[in-house]
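Just below is one structure, and these are the notes that go with it.
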Amino acid sequence: MELKHVTYRYNPLLERKEVYFEIDHSDVGSTPKRAEVRKLLAEHFGVEVGKVIVRKIETTTGTMVTRGEAHIYDSVEMAMFVEPDYILKRNQVITEEGEKAEEASEG
């Protein structure tokens with residue numbers, strides 16, 4: 001699994017990078033999990049996993065290429081403030097009860 005194409009722009013108002021990416025996962029087969037994508041983007045940008053929030057992952061039918069959108073925040077606190085709860089739950093940053101998950105605090 002490798003990042004093929006990454007474009008981003010920095011949004012100073014929300015203190016984040018808005019990232020659009022493309023991942024070739026022909027060696028893995030299935031669409032990568034959200035946690036795997038977060039880890040891959042965190043390594044690519046050199047940040048903690050807790051600062052990476054994946055908004056969308058989409059695989060085109062019949063291909064082994066996934067396109068998606070993510071936000072990489074300057075701080076975990078800003079991510080918790082800006083992103084809606086359902087997105088944070090999908091990324092396992094907060095639990096169903098609305099508490100902060102362990103992964104986000106570990107980084």
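Identifiers in the structure tokens: chain A, B, ... in order shown; residue index from 1 per chain; ligand index from 1 in order shown.
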
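Every protein or nucleic acid residue with an atom no more than 8 Å from Val6 of chain A, counting only C-alpha atoms and leaving out same-chain residues fewer than 6 positions away, appears here: Val19, Tyr20, Phe21 and Glu22 of chain A.
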
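Comparing A:Val76, A:Leu14, A:Ile57, A:Leu3 by their smallest distance to His44 of chain A, the closest is A:Leu3 (using only C-alpha atoms).
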
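You can rank A:Ile53, A:Ile72, A:Ile23, A:Ala35 by their closest distance to Leu88 of chain A using only C-alpha atoms, and at the top of that list sits A:Ile53.
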
DSSP alpha helix (DSSP H) residues within chain A, listed as a JSON list (two decimals) with C-alpha atoms, in the first residue's frame:
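Resulting contents of selection.json:
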[["chain", "number", "residue", "atom", "x", "y", "z"],
["A", 34, "ARG", "CA", -9.45, 4.18, 8.01],
["A", 35, "ALA", "CA", -6.88, 3.51, 10.76],
["A", 36, "GLU", "CA", -4.31, 2.32, 8.20],
["A", 37, "VAL", "CA", -4.85, 5.43, 6.07],
["A", 38, "ARG", "CA", -4.47, 7.69, 9.13],
["A", 39, "LYS", "CA", -1.18, 5.99, 10.00],
["A", 40, "LEU", "CA", 0.09, 6.24, 6.40],
["A", 41, "LEU", "CA", -0.74, 9.96, 6.19],
["A", 42, "ALA", "CA", 0.78, 10.63, 9.63],
["A", 43, "GLU", "CA", 4.05, 9.01, 8.52],
["A", 44, "HIS", "CA", 4.02, 10.92, 5.23],
["A", 45, "PHE", "CA", 3.52, 14.31, 6.90],
["A", 76, "VAL", "CA", -5.46, 17.49, 18.60],
["A", 77, "GLU", "CA", -7.54, 20.04, 20.53],
["A", 78, "MET", "CA", -8.35, 21.95, 17.33],
["A", 79, "ALA", "CA", -9.40, 18.70, 15.63],
["A", 80, "MET", "CA", -11.74, 17.91, 18.53],
["A", 81, "PHE", "CA", -13.21, 21.43, 18.36],
["A", 82, "VAL", "CA", -13.75, 21.66, 14.58],
["A", 85, "ASP", "CA", -18.70, 14.01, 16.43],
["A", 86, "TYR", "CA", -19.68, 11.44, 13.78],
["A", 87, "ILE", "CA", -16.39, 11.99, 11.93],
["A", 88, "LEU", "CA", -14.41, 11.70, 15.18],
["A", 89, "LYS", "CA", -16.23, 8.43, 15.98],
["A", 90, "ARG", "CA", -15.43, 7.04, 12.53],
["A", 102, "GLU", "CA", -6.67, 6.46, 24.08],
["A", 103, "GLU", "CA", -5.20, 6.51, 20.54],
["A", 104, "ALA", "CA", -5.60, 10.28, 20.17],
["A", 105, "SER", "CA", -3.82, 11.02, 23.43],
["A", 106, "GLU", "CA", -0.94, 8.61, 22.66]]

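Distances from A:Asp24, A:Glu2, A:Val54, A:Val65 to Gln92 of chain A were compared using only C-alpha atoms, and the smallest one belongs to A:Val54.
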
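Excluding Gly29 of chain A and any residue on its chain fewer than 4 positions from it, the residues at most 12 Å away by only C-alpha atoms are A:Met1, A:Ile23, A:Asp24, A:His25, A:Lys33, A:Thr59, A:Gly62, A:Thr63, A:Met64, A:Val65, A:Thr66.
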
Please provide as a PDB file with N, CA and C atoms, in the first residue's frame all residues within 9 Å of segment 16-18 of chain A, with the sequence filter that same-chain residues fewer than 6 positions apart are discarded (counting only C-alpha atoms).
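Output file around33.pdb follows:
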ATOM      1  N   THR A   7      -2.098  15.942  -2.652  1.00  0.00           N
ATOM      2  CA  THR A   7      -2.128  17.395  -2.788  1.00  0.00           C
ATOM      3  C   THR A   7      -2.780  17.945  -1.532  1.00  0.00           C
ATOM      4  N   TYR A   8      -2.348  19.123  -1.137  1.00  0.00           N
ATOM      5  CA  TYR A   8      -2.949  19.732   0.041  1.00  0.00           C
ATOM      6  C   TYR A   8      -2.810  21.234  -0.018  1.00  0.00           C
ATOM      7  N   ARG A   9      -3.625  21.877   0.800  1.00  0.00           N
ATOM      8  CA  ARG A   9      -3.510  23.314   0.988  1.00  0.00           C
ATOM      9  C   ARG A   9      -3.685  23.573   2.473  1.00  0.00           C
ATOM     10  N   TYR A  10      -3.025  24.596   2.951  1.00  0.00           N
ATOM     11  CA  TYR A  10      -3.106  24.925   4.369  1.00  0.00           C
ATOM     12  C   TYR A  10      -4.231  25.934   4.583  1.00  0.00           C
ATOM     13  N   GLU A  69     -10.074  12.080   1.246  1.00  0.00           N
ATOM     14  CA  GLU A  69      -9.883  13.428   1.754  1.00  0.00           C
ATOM     15  C   GLU A  69      -9.618  13.319   3.251  1.00  0.00           C
ATOM     16  N   ALA A  70      -8.652  14.101   3.734  1.00  0.00           N
ATOM     17  CA  ALA A  70      -8.324  14.099   5.154  1.00  0.00           C
ATOM     18  C   ALA A  70      -7.953  15.504   5.598  1.00  0.00           C
ATOM     19  N   HIS A  71      -8.044  15.733   6.892  1.00  0.00           N
ATOM     20  CA  HIS A  71      -7.609  16.983   7.495  1.00  0.00           C
ATOM     21  C   HIS A  71      -6.507  16.667   8.500  1.00  0.00           C
ATOM     22  N   ILE A  72      -5.417  17.413   8.430  1.00  0.00           N
ATOM     23  CA  ILE A  72      -4.314  17.245   9.370  1.00  0.00           C
ATOM     24  C   ILE A  72      -4.193  18.534  10.160  1.00  0.00           C
ATOM     25  N   TYR A  73      -4.509  18.446  11.431  1.00  0.00           N
ATOM     26  CA  TYR A  73      -4.570  19.635  12.291  1.00  0.00           C
ATOM     27  C   TYR A  73      -3.229  19.924  12.946  1.00  0.00           C
ATOM     28  N   ASP A  74      -3.047  21.183  13.329  1.00  0.00           N
ATOM     29  CA  ASP A  74      -1.851  21.586  14.060  1.00  0.00           C
ATOM     30  C   ASP A  74      -1.870  21.050  15.484  1.00  0.00           C
ATOM     31  N   SER A  75      -3.077  20.831  16.050  1.00  0.00           N
ATOM     32  CA  SER A  75      -3.198  20.292  17.402  1.00  0.00           C
ATOM     33  C   SER A  75      -4.415  19.376  17.488  1.00  0.00           C
ATOM     34  N   MET A  78      -7.659  21.270  18.430  1.00  0.00           N
ATOM     35  CA  MET A  78      -8.353  21.946  17.334  1.00  0.00           C
ATOM     36  C   MET A  78      -9.181  20.941  16.528  1.00  0.00           C
ATOM     37  N   ALA A  79      -8.653  19.749  16.336  1.00  0.00           N
ATOM     38  CA  ALA A  79      -9.399  18.704  15.632  1.00  0.00           C
ATOM     39  C   ALA A  79     -10.675  18.350  16.388  1.00  0.00           C
TER      40      ALA A  79
END

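Rounded to one decimal, atom CA of Thr31 of chain A and atom CA of Glu58 of chain A lie 8.2 Å from each other.
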